[in-house]
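The structure appears right after this line, and notes come after that.
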Amino acid sequence: MHGSIPSGAAQLGRTIRTQAGVVRGEPRDAGGVLAFKGIPYAAPPVGPLRWRAPRPPTPWTGVRDALAFGPASLSSLENDPRPGPRSEDCLTLNVWTAAKKADEKRPVMVWIHGGGFQFGSSANPATDGSLLAAKGVIVVSFNYRLSISGFLAHPELDAEAPSGNYGLQDQLAALRWVQANIAAFGGDPDNVTLFGESAGAMAVGILMASPLARGLFHKAIGESGAFWDGRHGPLQNFEEARARGLAFTRRQGNASIAALRAMPAEQLNAAAPWSFERDHVTQAFSPNIDHHGVPDVPARRFLRGEQMHIPLLAGWNSAEEFPFMSQSLPAHSAQGFRAAAEAMFGKERLAECLNIYPADTDAQARASAAALTGDMVVGEQCWQWLRLHRSRTRAPVYGYHFNYTSPYTPIASHVTEIPFVFGTLTPQRVIGSTTPPAEADRALAQTIMSYWANFATRGDPNGPGLPPWPAYDESDVVQILGNAIEARPNPQADRFAFIGSFRADGALPMRWREEM
């Protein structure tokens with residue numbers, strides 16, 4: 001039972017009734033896609049609702065325009081250059097549908113944006129859902145609370161309800177909205193694929209391992225993220241998250257939660273800045289083990305087979321390290337890198353490390369430090385996600401390695417696959433490229449969009465006219481999404497296996513917190 005919205009075979013137009021009220025979207029575009037933007041999926045989390053679980057949206061009368069994206073959550077990234085309105089009142093979502101009638105039961109793809117749980121927005125032009133929706137799926141994206149607004153844990157808040165992961169609770173609320181309302185947009189609430197990139201993919205993995213998310217989605221796609229592990233080990237534990245919250249209140253003059261709820265949102269946000277020099281996993285307000293939605297280290301839940309047993313498609317890019325080099329091991333010299341590697345991995349493992357990440361020259365050390373950074377922050381955990389899920393479930397698993405380059409995308413960096421997934425081919429500014437796309441870029445976008453839409457439809461990316469993509473198994477073969485599209489053995493297997501060998505019961509070493 002998914003809400004009480006009548007569907008029937010009514011023609012789908014710009015005006016649609018949701019459980020909270022009627023919304024009016026944009027007219028169909030040239031591709032036949034209707035867009036609805038800025039629909040509230042929860043009540044504004046302001047005033048007394050700051051740091052509380054999201055409440056249902058306040059119903060409205062009349063017709064509410066859904067023509068513009070809602071404000072993004074306040075960003076804690078210092079000097080964040082991204083434009084667009086931001087507000088504590090940020091819990092809205094967007095829907096793109098090409099359905100002609102409300103009873104079509106199209107597959108639904110729900111996107112979670114990245115940004116380290118510190119910044120980001122569903123209004124990113126790269127993630128406009130209209131071209132993907134023209135492939136026959138319904139696309140939903142949403143904003144959620146970030147940084148201190150979304151992830152403050154504190155004993156005083158625990159007295160009210162489990163604290164610390166309000167941003168994840170927002171994501172669950174958006175998924176519940178989809179269950180209750182998406183049929184009215186021509187979607188199938190029993191065929192929902194959750195997909196995301198970077199922190200968005202981390203959220204997908206965390207929610208796959210969360211008992212609170214069961215039944216809210218049925219397939220998962222993770223791009224460049226998996227468990228919210230970092231270079232300093234796994235996500236913050238219960239005690240660490242609360243210590244961070246207590247330290248913050250002390251810096252505000254031992255303010256009570258009531259006093260902090262009365263503080264202007266912009267002032268509160270400015271008191272908790274974050275920069276890329278700090279690990280967003282362990283040194284920021286971000287997801288943590290609350291013993292509620294996140295019962296344990298997510299990789300440990302996968303190791304025990306306690307995750308959702310659903311189809312998974314996941315992968316990583318060849319130059320994930322590009323935005324994260326400020327967090328790398330020292331690499332000003334070969335000697336410096338070798339010393340840092342010995343401190344991290346131990347004297348007895350140093351020779352093995354240097355065989356995989358060589359440092360015979362300064363230039364070699366710099367290249368190895370870069371590779372290690374990308375592996376630690378992103379790659380290895382994506383590989384673990386594939387391996388653990390395949391070994392603990394009978395659901396199909398598909399892995400990829402994105403290494404495509406062109407004048408439009410000269411480096412296969414973190415985030416560069418996103419414009420291909422959505423077909424938007426917006427400028428690749430993260431790598432400093434504003435070269436427009438060419439025919440080869442457009443062709444790759446069509447292929448990747450088809451793979452993703454096929455997977456969302458039936459749990460298998462394969463389809464007519466596409467290069468065959470084998471399911472992931474113990475042979476560690478992944479689909480290379482590059483200038484050639486083909487299945488090949490994982491090109492980073494040795495590197496990932498080395499890092500993975502330090503996991504104990506699924507978790508990376510806690511000693512990396514203190515020693516690094």
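Chain identifiers are assigned as A, B, and so on, following the order in which chains appear in the structure tokens; residues are numbered from 1 within each chain, and ligands are numbered from 1 in order of appearance.
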
How close does range 231-268 of chain A get to range 281-297 of chain A? List, as a tab-separated table, each residue of range 231-268 of chain A within 8 Å, its nearest atom pair and the distance in Å to one decimal, counting only C-alpha atoms.
```
residue	atom	partner	partner_atom	distance
A:His232	CA	A:Thr282	CA	7.0
A:Gly233	CA	A:Thr282	CA	7.9
A:Pro234	CA	A:Val297	CA	6.9
A:Leu235	CA	A:Asn288	CA	5.7
A:Gln236	CA	A:Asn288	CA	4.7
A:Asn237	CA	A:Ile289	CA	4.9
A:Phe238	CA	A:Ile289	CA	5.1
A:Ala241	CA	A:Asn288	CA	6.4
A:Arg244	CA	A:Phe285	CA	7.9
```

Using C-alpha atoms, can you write the selected residues to a file as a PDB file, in the first residue's frame?
```
ATOM      1  CA  HIS A 232      42.214   7.729   9.122  1.00  0.00           C
ATOM      2  CA  GLY A 233      40.052   4.632   9.410  1.00  0.00           C
ATOM      3  CA  PRO A 234      36.296   4.010   9.577  1.00  0.00           C
ATOM      4  CA  LEU A 235      33.519   6.502  10.288  1.00  0.00           C
ATOM      5  CA  GLN A 236      33.270   8.107  13.728  1.00  0.00           C
ATOM      6  CA  ASN A 237      32.066   5.839  16.498  1.00  0.00           C
ATOM      7  CA  PHE A 238      29.393   6.728  19.042  1.00  0.00           C
ATOM      8  CA  ALA A 241      30.764  11.789  17.561  1.00  0.00           C
ATOM      9  CA  ARG A 244      32.935  16.280  18.853  1.00  0.00           C
TER      10      ARG A 244
END
```

Task: Contacts of Glu78 in chain A at 7 Å (only C-alpha atoms; same-chain gap of 4+ positions) as a PyMOL selection string - done: chain A and resi 273-275

Write a file of the just-selected residues containing C-alpha atoms, as a PDB file, in the first residue's frame.
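The file below, again_26.pdb, is the result:
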```
ATOM      1  CA  PRO A 273      33.851  25.395   8.999  1.00  0.00           C
ATOM      2  CA  TRP A 274      35.522  22.600   7.039  1.00  0.00           C
ATOM      3  CA  SER A 275      38.235  22.531   4.379  1.00  0.00           C
TER       4      SER A 275
END
```

- [ ] Going by DSSP on the backbone, which bits of range 216-453 of chain A are strand (DSSP E or B)? Write them as a list of chain:residue names, please.
- [x]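 Written out, the strand (DSSP E or B) residues of range 216-453 of chain A are A:Lys219, A:Ala220, A:Ile221, A:Gly222, A:Glu223, A:Gly230, A:Gly233, A:Gln236, A:Trp274, A:Asn288, A:Leu312, A:Leu313, A:Ala314, A:Gly315, A:Trp316, A:Asn317, A:Ala319, A:Val397, A:Tyr398, A:Gly399, A:Tyr400, A:His401, A:Phe402, A:Ser413.
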
Pull N, CA and C atoms from the residues just selected and write them as a short mmCIF file (atom, residue, chain, number, x, y, z; two decimals), in the first residue's frame.
```
data_model
loop_
_atom_site.label_atom_id
_atom_site.label_comp_id
_atom_site.auth_asym_id
_atom_site.auth_seq_id
_atom_site.Cartn_x
_atom_site.Cartn_y
_atom_site.Cartn_z
N LYS A 219 17.35 -1.57 -5.51
CA LYS A 219 18.62 -1.73 -6.22
C LYS A 219 19.50 -0.56 -5.80
N ALA A 220 20.81 -0.72 -6.00
CA ALA A 220 21.74 0.32 -5.57
C ALA A 220 22.84 0.52 -6.60
N ILE A 221 23.18 1.79 -6.85
CA ILE A 221 24.33 2.15 -7.69
C ILE A 221 25.21 3.09 -6.89
N GLY A 222 26.49 2.74 -6.78
CA GLY A 222 27.45 3.57 -6.05
C GLY A 222 28.58 4.00 -6.97
N GLU A 223 28.74 5.31 -7.12
CA GLU A 223 29.82 5.87 -7.93
C GLU A 223 30.85 6.50 -7.00
N GLY A 230 37.82 6.35 5.58
CA GLY A 230 38.75 7.37 5.12
C GLY A 230 40.19 6.98 5.42
N GLY A 233 40.85 5.73 8.89
CA GLY A 233 40.05 4.63 9.41
C GLY A 233 38.57 4.79 9.14
N GLN A 236 33.19 7.82 12.29
CA GLN A 236 33.27 8.11 13.73
C GLN A 236 32.37 7.16 14.52
N TRP A 274 34.76 23.78 7.45
CA TRP A 274 35.52 22.60 7.04
C TRP A 274 36.28 22.94 5.76
N ASN A 288 28.00 8.87 11.56
CA ASN A 288 28.66 8.19 12.66
C ASN A 288 27.77 7.05 13.16
N LEU A 312 23.46 -4.73 -6.98
CA LEU A 312 24.40 -3.62 -6.77
C LEU A 312 25.25 -3.42 -8.02
N LEU A 313 25.39 -2.17 -8.43
CA LEU A 313 26.34 -1.75 -9.47
C LEU A 313 27.21 -0.67 -8.86
N ALA A 314 28.53 -0.86 -8.87
CA ALA A 314 29.41 0.11 -8.22
C ALA A 314 30.77 0.14 -8.89
N GLY A 315 31.46 1.27 -8.75
CA GLY A 315 32.79 1.38 -9.33
C GLY A 315 33.47 2.67 -8.94
N TRP A 316 34.62 2.91 -9.55
CA TRP A 316 35.48 4.03 -9.18
C TRP A 316 36.18 4.54 -10.43
N ASN A 317 36.79 5.71 -10.32
CA ASN A 317 37.50 6.36 -11.42
C ASN A 317 39.00 6.17 -11.25
N ALA A 319 41.49 8.30 -11.47
CA ALA A 319 42.24 9.38 -10.80
C ALA A 319 41.39 10.00 -9.69
N VAL A 397 25.69 -8.53 -8.99
CA VAL A 397 26.64 -7.46 -8.68
C VAL A 397 27.42 -7.14 -9.96
N TYR A 398 27.59 -5.85 -10.24
CA TYR A 398 28.34 -5.40 -11.41
C TYR A 398 29.34 -4.33 -10.99
N GLY A 399 30.59 -4.46 -11.44
CA GLY A 399 31.63 -3.49 -11.10
C GLY A 399 32.14 -2.77 -12.33
N TYR A 400 32.58 -1.52 -12.14
CA TYR A 400 33.15 -0.76 -13.27
C TYR A 400 34.39 0.01 -12.82
N HIS A 401 35.19 0.38 -13.81
CA HIS A 401 36.36 1.25 -13.63
C HIS A 401 36.29 2.30 -14.73
N PHE A 402 36.09 3.56 -14.34
CA PHE A 402 35.94 4.66 -15.29
C PHE A 402 37.31 5.30 -15.52
N SER A 413 39.11 12.05 -13.18
CA SER A 413 39.12 12.42 -11.77
C SER A 413 37.82 12.02 -11.08
#
```

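Our summary of the geometry notes that CA of Arg513 in chain A is positioned 12.2 Å from CA of Arg278 in chain A.
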